[in-house]
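J.: Below is coords-v4.txt; it holds compact mmCIF, C-alpha atoms and all ligand atoms.
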# COMPACT_ATOMS: atom_id res chain seq x y z
CA MET A 1 -33.85 7.89 -17.92
CA LYS A 2 -30.50 9.15 -19.08
CA ILE A 3 -27.40 9.19 -16.96
CA ASN A 4 -24.00 10.62 -17.69
CA VAL A 5 -21.22 8.22 -16.71
CA LYS A 6 -17.55 9.04 -16.57
CA VAL A 7 -14.96 6.29 -16.06
CA GLY A 8 -11.41 7.64 -16.09
CA ASN A 9 -11.26 9.80 -19.19
CA ASN A 10 -14.15 8.12 -20.96
CA GLU A 11 -17.53 9.78 -20.79
CA ASP A 12 -20.76 8.23 -21.98
CA THR A 13 -24.50 8.63 -21.69
CA VAL A 14 -26.37 5.51 -20.67
CA THR A 15 -30.08 4.91 -20.73
CA ILE A 16 -31.58 2.84 -17.94
CA SER A 17 -35.08 1.90 -16.95
CA GLY A 18 -36.69 1.22 -13.60
CA GLU A 19 -35.30 1.79 -10.15
CA LYS A 20 -31.54 1.29 -10.28
CA THR A 21 -28.73 1.81 -7.82
CA ILE A 22 -25.05 2.61 -8.25
CA LYS A 23 -24.39 -1.06 -7.56
CA ASP A 24 -26.67 -2.13 -10.44
CA LEU A 25 -24.96 0.35 -12.74
CA LEU A 26 -21.47 -0.93 -11.85
CA GLU A 27 -22.61 -4.51 -12.34
CA SER A 28 -24.04 -3.74 -15.77
CA MET A 29 -20.72 -2.14 -16.72
CA GLU A 30 -18.78 -5.11 -15.28
CA ILE A 31 -16.84 -2.90 -12.88
CA ALA A 32 -15.82 -4.48 -9.55
CA ALA A 33 -17.37 -2.33 -6.82
CA GLU A 34 -14.54 -3.23 -4.40
CA THR A 35 -12.03 -1.37 -6.57
CA VAL A 36 -13.77 1.96 -7.16
CA VAL A 37 -15.11 5.06 -5.43
CA VAL A 38 -18.19 6.62 -7.04
CA LYS A 39 -19.27 10.25 -7.10
CA LYS A 40 -22.79 11.34 -7.98
CA ASN A 41 -23.08 14.96 -9.01
CA ASP A 42 -19.64 15.60 -7.46
CA TYR A 43 -20.37 13.97 -4.07
CA ILE A 44 -19.15 10.55 -2.96
CA VAL A 45 -22.06 8.12 -2.61
CA ILE A 46 -22.52 4.54 -1.39
CA ASP A 47 -23.40 1.54 -3.55
CA GLU A 48 -27.07 1.53 -2.66
CA GLU A 49 -27.65 5.15 -3.75
CA LEU A 50 -30.52 5.39 -6.25
CA LEU A 51 -29.98 6.85 -9.71
CA GLU A 52 -32.14 9.68 -11.01
CA ASP A 53 -32.64 11.08 -14.47
CA GLY A 54 -29.89 13.52 -15.43
CA ASP A 55 -27.41 12.31 -12.79
CA SER A 56 -23.75 12.71 -13.46
CA ILE A 57 -21.77 9.70 -12.25
CA GLU A 58 -18.01 9.53 -11.93
CA VAL A 59 -16.31 6.18 -11.32
CA ILE A 60 -12.82 6.48 -9.88
CA GLN A 61 -10.62 3.39 -9.96
CA VAL A 62 -8.70 3.40 -6.67
CA ILE A 63 -7.22 -0.08 -6.59
CA TYR A 64 -4.41 -1.09 -8.91
CA GLY A 65 -1.32 -3.15 -8.41
CA GLY A 66 2.05 -1.66 -7.53
CA MET B 1 -32.73 6.07 6.88
CA ASN B 2 -29.10 6.48 5.94
CA GLU B 3 -27.43 9.04 8.11
CA CYS B 4 -24.01 9.43 9.71
CA ASP B 5 -23.79 7.45 12.97
CA LYS B 6 -21.63 10.15 14.52
CA CYS B 7 -23.09 13.51 13.44
CA GLY B 8 -26.41 12.69 11.76
CA SER B 9 -25.48 14.15 8.37
CA PRO B 10 -27.53 12.59 5.55
CA ASP B 11 -24.53 12.66 3.19
CA ILE B 12 -22.88 9.37 4.02
CA ILE B 13 -19.94 8.13 1.96
CA ILE B 14 -19.49 4.69 3.50
CA LYS B 15 -21.60 1.97 5.02
CA LYS B 16 -19.11 -0.47 6.50
CA LYS B 17 -20.05 -4.01 5.60
CA GLN B 18 -18.16 -5.43 8.56
CA SER B 19 -19.88 -3.33 11.28
CA GLY B 20 -22.80 -1.63 9.54
CA GLN B 21 -21.35 1.72 10.61
CA LYS B 22 -22.39 4.67 8.40
CA LEU B 23 -20.22 7.76 8.15
CA CYS B 24 -20.19 11.11 6.40
CA SER B 25 -17.05 12.42 4.75
CA ASN B 26 -15.71 14.39 7.73
CA CYS B 27 -16.48 11.72 10.30
CA PHE B 28 -14.96 9.02 8.08
CA ILE B 29 -11.73 11.02 7.69
CA GLU B 30 -11.52 11.76 11.42
CA SER B 31 -12.32 8.24 12.58
CA THR B 32 -9.86 6.66 10.12
CA LYS B 33 -7.10 9.01 11.21
CA LYS B 34 -7.87 8.25 14.86
CA LYS B 35 -7.80 4.51 14.18
CA VAL B 36 -4.34 4.76 12.58
CA LEU B 37 -2.96 6.90 15.41
CA LYS B 38 -4.43 4.47 17.92
CA ASP B 39 -2.84 1.50 16.12
CA ILE B 40 0.50 3.34 16.20
CA ARG B 41 0.22 3.79 19.98
CA ARG B 42 -1.18 0.35 20.75
CA GLN B 43 1.51 -1.46 18.78
CA ASN B 44 4.19 0.93 19.91
CA LEU B 45 5.23 1.63 16.32
CA ILE B 46 6.58 5.11 16.99
CA GLU B 47 8.16 6.66 20.03
CA LYS B 48 8.58 10.32 20.83
CA GLY B 49 11.80 11.58 19.27
CA ASP B 50 11.84 9.03 16.44
CA LYS B 51 13.02 10.19 13.04
CA VAL B 52 10.70 8.43 10.62
CA LEU B 53 11.64 7.76 7.02
CA LEU B 54 8.43 7.52 5.01
CA GLY B 55 8.54 5.64 1.73
CA LEU B 56 6.57 8.05 -0.46
CA SER B 57 5.65 6.69 -3.88
CA GLY B 58 3.00 9.29 -4.61
CA GLY B 59 0.32 6.58 -4.58
CA LYS B 60 -2.73 6.64 -2.32
CA ASP B 61 -1.31 4.58 0.55
CA SER B 62 1.87 6.56 1.06
CA VAL B 63 0.18 9.94 0.60
CA MET B 64 -2.46 9.05 3.19
CA LEU B 65 0.31 8.00 5.56
CA LEU B 66 2.08 11.31 4.90
CA ASP B 67 -1.16 13.11 5.74
CA ILE B 68 -1.38 11.30 9.09
CA LEU B 69 2.31 11.20 10.08
CA SER B 70 2.67 14.90 9.35
CA THR B 71 0.24 15.58 12.22
CA LEU B 72 2.72 13.83 14.55
CA LYS B 73 5.51 15.90 13.07
CA ASN B 74 3.56 19.13 13.51
CA ARG B 75 2.95 18.26 17.16
CA GLY B 76 6.70 17.92 17.63
CA ILE B 77 6.48 14.18 18.39
CA ILE B 78 8.57 12.93 15.47
CA ASP B 79 10.91 14.09 12.76
CA LEU B 80 9.80 13.11 9.28
CA VAL B 81 11.72 12.63 6.07
CA ALA B 82 10.04 11.36 2.91
CA VAL B 83 11.99 9.23 0.44
CA THR B 84 10.81 8.42 -3.07
CA ILE B 85 12.48 5.63 -5.00
CA ASP B 86 12.58 5.91 -8.76
CA GLU B 87 13.01 2.28 -9.89
CA GLY B 88 13.16 3.27 -13.53
CA ILE B 89 9.78 2.05 -14.79
CA GLU B 90 9.09 4.03 -17.91
CA GLY B 91 5.66 5.51 -18.39
CA TYR B 92 4.63 4.69 -14.80
CA ARG B 93 6.96 6.02 -12.14
CA GLU B 94 7.42 9.56 -13.52
CA GLU B 95 3.97 10.76 -12.46
CA GLY B 96 4.30 9.24 -9.02
CA VAL B 97 7.62 11.00 -8.45
CA GLU B 98 6.09 14.30 -9.51
CA LEU B 99 3.16 13.87 -7.11
CA ALA B 100 5.49 12.81 -4.31
CA ILE B 101 7.46 16.04 -4.75
CA LYS B 102 4.25 18.09 -4.77
CA ASN B 103 2.88 16.44 -1.64
CA ALA B 104 6.12 16.64 0.34
CA GLU B 105 6.17 20.35 -0.45
CA LYS B 106 2.52 20.81 0.51
CA TYR B 107 3.08 19.18 3.92
CA GLY B 108 6.43 20.91 4.40
CA VAL B 109 8.30 17.62 4.80
CA GLU B 110 11.97 17.12 3.94
CA HIS B 111 12.11 14.99 0.80
CA ARG B 112 14.66 12.97 -1.16
CA VAL B 113 14.24 11.30 -4.54
CA VAL B 114 16.67 8.43 -5.02
CA SER B 115 16.95 5.95 -7.87
CA PHE B 116 18.04 2.43 -8.78
CA LYS B 117 20.24 4.14 -11.36
CA GLN B 118 22.02 6.14 -8.70
CA TYR B 119 22.66 3.19 -6.36
CA PHE B 120 22.91 0.25 -8.77
CA GLY B 121 23.73 1.91 -12.11
CA THR B 122 20.70 0.40 -13.81
CA THR B 123 16.90 0.63 -13.99
CA LEU B 124 14.22 -1.98 -13.28
CA ASP B 125 13.23 -1.86 -16.97
CA LYS B 126 16.80 -2.71 -18.01
CA ILE B 127 17.11 -5.41 -15.38
CA ILE B 128 14.01 -7.14 -16.74
CA GLN B 129 14.99 -6.66 -20.40
CA ASN B 130 18.52 -7.98 -20.01
CA ASN B 131 17.93 -10.69 -17.48
CA SER B 132 19.19 -13.94 -18.96
CA LEU B 133 19.65 -15.85 -15.73
CA GLU B 134 18.40 -19.39 -15.73
CA VAL B 135 16.20 -18.87 -12.69
CA ARG B 136 14.32 -15.72 -13.56
CA ARG B 137 12.08 -14.22 -10.90
CA ASN B 138 9.31 -11.80 -11.64
CA ALA B 139 9.93 -8.06 -11.59
CA CYS B 140 8.46 -7.55 -8.12
CA THR B 141 11.04 -9.85 -6.54
CA TYR B 142 13.96 -7.80 -7.87
CA CYS B 143 12.13 -4.55 -7.27
CA GLY B 144 11.46 -5.49 -3.64
CA VAL B 145 15.03 -6.58 -2.92
CA PHE B 146 16.51 -3.38 -4.34
CA ARG B 147 13.93 -1.15 -2.71
CA ARG B 148 14.52 -2.67 0.71
CA TRP B 149 18.27 -2.21 0.21
CA ILE B 150 17.84 1.47 -0.68
CA PHE B 151 15.45 2.24 2.18
CA ASN B 152 17.82 0.68 4.69
CA ARG B 153 20.85 2.46 3.25
CA VAL B 154 19.11 5.85 3.03
CA SER B 155 17.65 5.50 6.54
CA LYS B 156 21.21 5.39 7.85
CA GLU B 157 22.29 8.27 5.61
CA VAL B 158 19.57 10.50 7.05
CA GLY B 159 19.75 9.12 10.60
CA ALA B 160 16.22 7.66 10.60
CA THR B 161 15.19 5.37 13.44
CA LYS B 162 12.09 3.92 11.70
CA ILE B 163 11.08 3.19 8.11
CA ALA B 164 7.33 3.58 7.58
CA THR B 165 5.57 2.13 4.55
CA GLY B 166 1.97 2.34 3.37
CA HIS B 167 1.16 -1.39 3.40
CA ASN B 168 -2.58 -1.81 3.90
CA LEU B 169 -4.89 -4.61 5.09
CA ASP B 170 -5.18 -6.08 1.59
CA ASP B 171 -1.37 -6.16 1.14
CA GLU B 172 -0.84 -7.77 4.50
CA THR B 173 -3.55 -10.39 3.99
CA GLN B 174 -2.06 -11.22 0.58
CA SER B 175 1.36 -11.73 2.18
CA ILE B 176 -0.09 -14.08 4.78
CA VAL B 177 -2.08 -16.18 2.31
CA MET B 178 0.74 -16.24 -0.26
CA SER B 179 3.35 -17.36 2.25
CA TYR B 180 1.01 -19.96 3.62
CA LEU B 181 0.09 -21.34 0.18
CA GLU B 182 3.73 -21.44 -0.84
CA GLY B 183 4.59 -23.21 2.41
CA ASN B 184 7.03 -20.41 3.12
CA ILE B 185 7.01 -20.54 6.90
CA GLN B 186 10.15 -18.42 7.18
CA ASN B 187 8.32 -15.60 5.45
CA LEU B 188 5.33 -16.01 7.74
CA THR B 189 7.49 -15.48 10.82
CA ARG B 190 8.50 -12.10 9.45
CA ILE B 191 5.04 -10.66 8.72
CA GLY B 192 3.78 -8.10 11.21
CA PRO B 193 3.24 -4.42 12.05
CA LYS B 194 6.84 -3.91 13.11
CA SER B 195 10.01 -5.67 12.01
CA GLN B 196 12.12 -7.29 14.67
CA SER B 197 15.67 -8.01 13.76
CA LYS B 198 18.55 -9.02 15.92
CA SER B 199 20.84 -6.89 13.77
CA ASP B 200 20.88 -3.21 14.64
CA LYS B 201 22.09 -2.57 11.13
CA PHE B 202 18.52 -3.07 9.96
CA THR B 203 16.39 -0.02 10.66
CA VAL B 204 13.03 -1.02 12.20
CA LYS B 205 10.21 -1.09 9.64
CA ILE B 206 6.64 -0.19 10.57
CA LYS B 207 3.28 -0.48 8.79
CA PRO B 208 0.79 1.95 10.38
CA LEU B 209 -1.93 1.31 7.74
CA ARG B 210 -1.83 -2.44 8.15
CA GLU B 211 -5.42 -2.61 9.47
CA ILE B 212 -6.98 -0.22 6.96
CA PRO B 213 -8.65 -1.86 3.93
CA GLU B 214 -7.28 -0.68 0.60
CA LYS B 215 -10.67 0.53 -0.54
CA GLU B 216 -10.96 2.79 2.53
CA ILE B 217 -7.56 4.29 1.72
CA GLY B 218 -8.88 5.16 -1.73
CA LEU B 219 -11.97 6.65 -0.12
CA TYR B 220 -9.88 8.67 2.35
CA VAL B 221 -7.71 10.32 -0.29
CA ILE B 222 -10.69 11.13 -2.49
CA ALA B 223 -12.80 12.43 0.41
CA LYS B 224 -9.88 14.58 1.52
CA GLU B 225 -9.10 15.57 -2.08
CA LEU B 226 -5.46 14.58 -1.77
CA ASP B 227 -3.40 14.66 -4.92
CA VAL B 228 -2.34 11.08 -5.60
CA HIS B 229 -1.21 8.83 -8.41
CA PHE B 230 -3.87 6.27 -9.32
CA ALA B 231 -2.29 3.92 -11.81
CA GLY B 232 -1.07 0.36 -12.01
CA CYS B 233 2.54 -0.69 -12.33
CA PRO B 234 3.03 -2.45 -15.67
CA TYR B 235 4.76 -5.34 -13.88
CA ALA B 236 2.12 -5.84 -11.17
CA GLY B 237 -0.14 -8.18 -13.13
CA GLU B 238 2.42 -10.93 -13.60
CA SER B 239 2.89 -11.74 -9.94
CA PHE B 240 1.50 -14.50 -7.76
CA ARG B 241 0.61 -11.69 -5.33
CA ALA B 242 -1.71 -10.16 -7.94
CA GLU B 243 -3.46 -13.51 -8.42
CA ILE B 244 -3.99 -13.89 -4.67
CA GLY B 245 -5.10 -10.27 -4.42
CA THR B 246 -7.81 -10.83 -7.01
CA ILE B 247 -9.08 -13.96 -5.25
CA LEU B 248 -9.17 -12.26 -1.83
CA LYS B 249 -11.00 -9.18 -3.14
CA GLN B 250 -13.51 -11.46 -4.81
CA LEU B 251 -14.03 -13.30 -1.51
CA THR B 252 -14.76 -10.07 0.37
CA VAL B 253 -17.85 -9.50 -1.78
CA ASN B 254 -19.75 -12.22 0.08
CA HIS B 255 -17.51 -12.40 3.15
CA PRO B 256 -16.79 -8.77 4.07
CA THR B 257 -14.78 -9.56 7.20
CA ILE B 258 -12.49 -12.17 5.64
CA MET B 259 -9.36 -9.98 5.56
CA TYR B 260 -9.75 -8.90 9.17
CA SER B 261 -10.21 -12.46 10.35
CA THR B 262 -7.22 -13.66 8.33
CA LEU B 263 -5.07 -10.94 9.89
CA ARG B 264 -6.39 -11.43 13.42
CA GLY B 265 -5.95 -15.18 13.28
CA PHE B 266 -2.46 -14.82 11.91
CA ASP B 267 -1.44 -12.32 14.56
CA ARG B 268 -2.55 -14.80 17.20
CA ILE B 269 -0.51 -17.75 15.91
CA LYS B 270 2.49 -15.59 15.03
CA PRO B 271 4.19 -15.88 18.47
CA VAL B 272 3.99 -19.68 18.19
CA LEU B 273 5.32 -19.62 14.64
CA LYS B 274 8.20 -17.43 15.70
CA LYS B 275 9.05 -19.63 18.62
CA GLU B 276 9.00 -22.79 16.52
CA PHE B 277 10.35 -21.60 13.18
CA ALA B 278 12.24 -18.32 13.33
CA THR B 279 15.82 -19.04 12.43
CA GLU B 280 18.61 -17.44 14.32
CA SER B 281 20.39 -15.84 11.42
CA VAL B 282 23.93 -15.00 12.25
CA PHE B 283 24.09 -11.53 10.91
CA GLU B 284 27.13 -10.34 9.14
CA VAL B 285 27.71 -7.62 6.67
CA CYS B 286 27.71 -8.09 2.92
CA GLU B 287 31.25 -8.28 1.61
CA ILE B 288 30.53 -5.88 -1.21
CA CYS B 289 28.18 -3.21 0.12
CA GLY B 290 28.44 -3.49 3.89
CA GLU B 291 24.67 -3.84 4.37
CA PRO B 292 23.49 -6.50 6.84
CA SER B 293 23.20 -9.94 5.31
CA ALA B 294 22.73 -13.51 6.45
CA ALA B 295 25.04 -14.72 3.68
CA ARG B 296 28.41 -13.62 2.36
CA LEU B 297 26.66 -11.36 -0.14
CA CYS B 298 23.34 -9.61 0.39
CA LYS B 299 20.53 -10.41 -2.05
CA ALA B 300 20.96 -7.16 -3.97
CA CYS B 301 24.68 -7.67 -4.49
CA SER B 302 24.29 -11.33 -5.38
CA PHE B 303 21.79 -10.45 -8.13
CA LEU B 304 24.05 -7.69 -9.43
CA LYS B 305 27.03 -10.04 -9.44
CA GLN B 306 25.13 -12.74 -11.33
CA TRP B 307 24.16 -10.23 -14.00
CA GLU B 308 27.72 -9.03 -14.26
CA ASN B 309 28.71 -12.56 -15.17
CA GLN B 310 25.80 -13.29 -17.49
CA ASP B 311 26.26 -14.06 -21.20
S1 LIG C 401 4.32 -3.81 -8.81
FE1 LIG C 401 6.23 -4.92 -8.56
S2 LIG C 401 7.61 -4.00 -10.07
FE2 LIG C 401 5.90 -2.58 -9.83
S3 LIG C 401 6.58 -1.11 -8.27
FE3 LIG C 401 5.46 -2.75 -7.18
S4 LIG C 401 7.04 -4.23 -6.58
FE4 LIG C 401 7.94 -2.89 -8.14
ZN ZN C 402 -20.69 12.67 10.31
ZN ZN C 403 25.48 -6.13 -0.61
Can you dump the structure from the file as structure tokens?
Ligand code: SF4
Ligand SMILES: [Zn+2]
Ligand SMILES: [Zn+2]
T.:
Amino acid sequence: MKINVKVGNNEDTVTISGEKTIKDLLESMEIAAETVVVKKNDYIVIDEELLEDGDSIEVIQVIYGG
Amino acid sequence: MNECDKCGSPDIIIKKKQSGQKLCSNCFIESTKKKVLKDIRRQNLIEKGDKVLLGLSGGKDSVMLLDILSTLKNRGIIDLVAVTIDEGIEGYREEGVELAIKNAEKYGVEHRVVSFKQYFGTTLDKIIQNNSLEVRRNACTYCGVFRRWIFNRVSKEVGATKIATGHNLDDETQSIVMSYLEGNIQNLTRIGPKSQSKSDKFTVKIKPLREIPEKEIGLYVIAKELDVHFAGCPYAGESFRAEIGTILKQLTVNHPTIMYSTLRGFDRIKPVLKKEFATESVFEVCEICGEPSAARLCKACSFLKQWENQD
């Protein structure tokens, strides 16, 4: 299945197979889950939310220094 | 089934690892706000009639605190004035200042933007570029000293009785672990929700978000669609604090309650630490600027003087 992923200003389509969660997706992209908030189709979701074909995922980095 | 523990909504935005509690967006916002207001009452951080100076950087922590403190202002419990410090960090601070102005306006809060330039005639960027002292500290050390000086000075200019900052659970845990690892017991005696100084020339500082994890602050501002500045300071990465922060965040992955337990444990031994180690500083005023200082010159003035004499 194909999923649209937006991280900051970068948008990309990723293809994944099998049952995957937001957590799996973040891990595969090497993004630390403790530092981001994730929206699926414009709604905030938790790490264990399952991905479905055609989902639009937005990863918002909320933890920086300063 | 995942549904909100409070209202039953299926749209949950958080499943707290520490308690297992699941909350929807509205219930998360309400319960977080309640927790902060309860912490303020329990620790006696604010009294009716206080004029609170809020350090408003435009980042998530200070904007969330503005969101919560403005409810106390609207209920006529406190007076609120927001102060934004422009340290002079090119390419970083500008956006924060802009968002601070926008937010202060939105909440109808009196707002002042003040700068290092205005009070010290220089910017943090210039300080770092030109610093040729033998013992060079990292940017955050200078930044912190000058910021504290400005907040204290401005609090007196506006007649504030408290200075509130957006320090969160992660910040506070970092301070504890850092001070401990550095063997800096003096620093440890000063960590807490509310500053206690013998000198009345220091305005009392409070940290209402001290028990809220940084990630939940990010979640709060996004759930509430607040307009905040998400970006990293270019100097942040070089600090020991940043190293400790990374280690602690990594630890929370497998030990989700580690920051709470560090804070709780520290708060329990703090009275003993204070009793054994707090030094009775004889407070005087800095010869140059008149701010309170344990030495002849305050830290800010002594840095400025050293730079005056450099090269
Ligand atoms: S990260 Fe350091 S230099 Fe940057 S604003 Fe914070 S204290 Fe100042
Ligand atoms: Zn709910
Ligand atoms: Zn001074």
J.: Which residues are near segment 231-240 of chain B? Cut-off 10 Å, all atoms listed in the file, ignore same chain within fewer than 6 positions. Put them as a list in words.
T.: Gln61, Val62, Ile63, Tyr64, Gly65 and Gly66 of chain A; Gly59, Lys60, Ile89, Glu90, Gly91, Tyr92, Arg93, Glu95, Gly96, Asp125, Ile128, Arg137, Asn138, Ala139, Cys140, Thr141, Cys143, Gln174 and Met178 of chain B
J.: Report as a list in words the set of chain A residues whose atoms approach chain B to within 12 Å, with distances computed over only C-alpha atoms.
T.: Gly8, Ala32, Ala33, Glu34, Thr35, Val36, Val37, Val38, Lys39, Lys40, Asp42, Tyr43, Ile44, Val45, Ile46, Asp47, Glu48, Glu49, Val59, Ile60, Gln61, Val62, Ile63, Tyr64, Gly65 and Gly66 of chain A
J.: I need the residue nearest Asn152 of chain B from this list: B:Glu225, B:Asp5, B:Glu276, B:Glu291. Use all atoms listed in the file for the distance.
T.: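 Answer, going by the shortest atom-to-atom distance: B:Glu291.
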J.: Taking all atoms listed in the file into account, report as an MDAnalysis selection string which residues have an atom no farther than 9 Å from an atom of ligand ZN 403 (chain C).
T.: chainID B and resid 149 285:293 296:302
J.: Quick one: everything within 9 Å of Cys27 of chain B, counting all atoms listed in the file, minus sequence neighbours fewer than 6 positions away in the same chain. Send it as number ranges by chain.
T.: B: 4-7
J.: Between atom CA of Val52 of chain B and atom CA of Ala160 of chain B, measure the distance and give it in Å to one decimal.
T.: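 Between these atoms lies a distance of 5.6 Å.
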J.: Write out as a PyMOL selection string which residues come within 6 Å of segment 120-124 of chain B when counting only C-alpha atoms, dropping same-chain ones fewer than 3 positions away.
T.: chain B and resi 87-88+116-117+127
J.: Skipping near chain neighbours, those fewer than 6 positions away, what residues fall within 10 Å of segment 10-17 of chain A using all atoms listed in the file, listed as a list in words?
T.: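 These residues fall inside the cut-off: Met1, Lys2, Ile3, Asn4, Leu25, Leu51, Glu52, Asp53, Gly54, Ser56, Ile57 and Glu58 of chain A.
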J.: Could you list, as a ChimeraX atom specification, every residue within 6 Å of segment 71-86 of chain B, counting all atoms listed in the file and ignoring same-chain residues fewer than 4 positions away?
T.: /B:48-57,110-115
J.: To one decimal place, how far is atom CA of Lys274 of chain B from atom CA of Lys205 of chain B in Å?
T.: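 Atom CA of Lys205 of chain B lies 17.5 Å from atom CA of Lys274 of chain B.
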J.: Quick check, in Å to one decimal: how far apart do atom CA of Asn168 of chain B and atom CA of Leu209 of chain B lie?
T.: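 About the pair atom CA of Asn168 of chain B and atom CA of Leu209 of chain B: they are 5.0 Å apart.
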J.: Using all atoms listed in the file, which of the listed residues (B:Phe266, B:Phe151, B:Phe202, B:Phe28) sits closest to ligand ZN 402 (chain C)?
T.: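 Nearest to ligand ZN 402 (chain C): B:Phe28.
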J.: Which centre and edge lengths in Å to one decimal define the box along x, y and z that fits every listed atom of segment 178-184 of chain B plus 5 Å per side, as lines of an AutoDock Vina configuration file?
T.:
center_x = 3.6
center_y = -19.7
center_z = 1.4
size_x = 16.9
size_y = 17.0
size_z = 14.5
J.: Using only C-alpha atoms and all ligand atoms, pick whichever of B:Ile29, B:Val145, B:Ile163, B:Ala100 has the shortest atom-to-atom distance to ligand LIG 401 (chain C).
T.: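 Counting only C-alpha atoms and all ligand atoms, the residue closest to ligand LIG 401 (chain C) is B:Val145.
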J.: Mind listing whatever residues come within 9 Å of the point (6.6, -0.4, 7.6)? Use all atoms listed in the file, file coordinates, and give them as a list in words.
T.: Leu54, Gly55, Lys162, Ile163, Ala164, Thr165, Gly166, His167, Gly192, Pro193, Lys194, Ser195, Val204, Lys205, Ile206, Lys207, Pro208, Leu209 and Arg210 of chain B
J.: Which one of B:Glu211, B:Asn184, B:Asn26, B:Met64 sits closest to Asp39 of chain B if you count only C-alpha atoms?
T.: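 Using only C-alpha atoms, the shortest distance to Asp39 of chain B belongs to B:Glu211.
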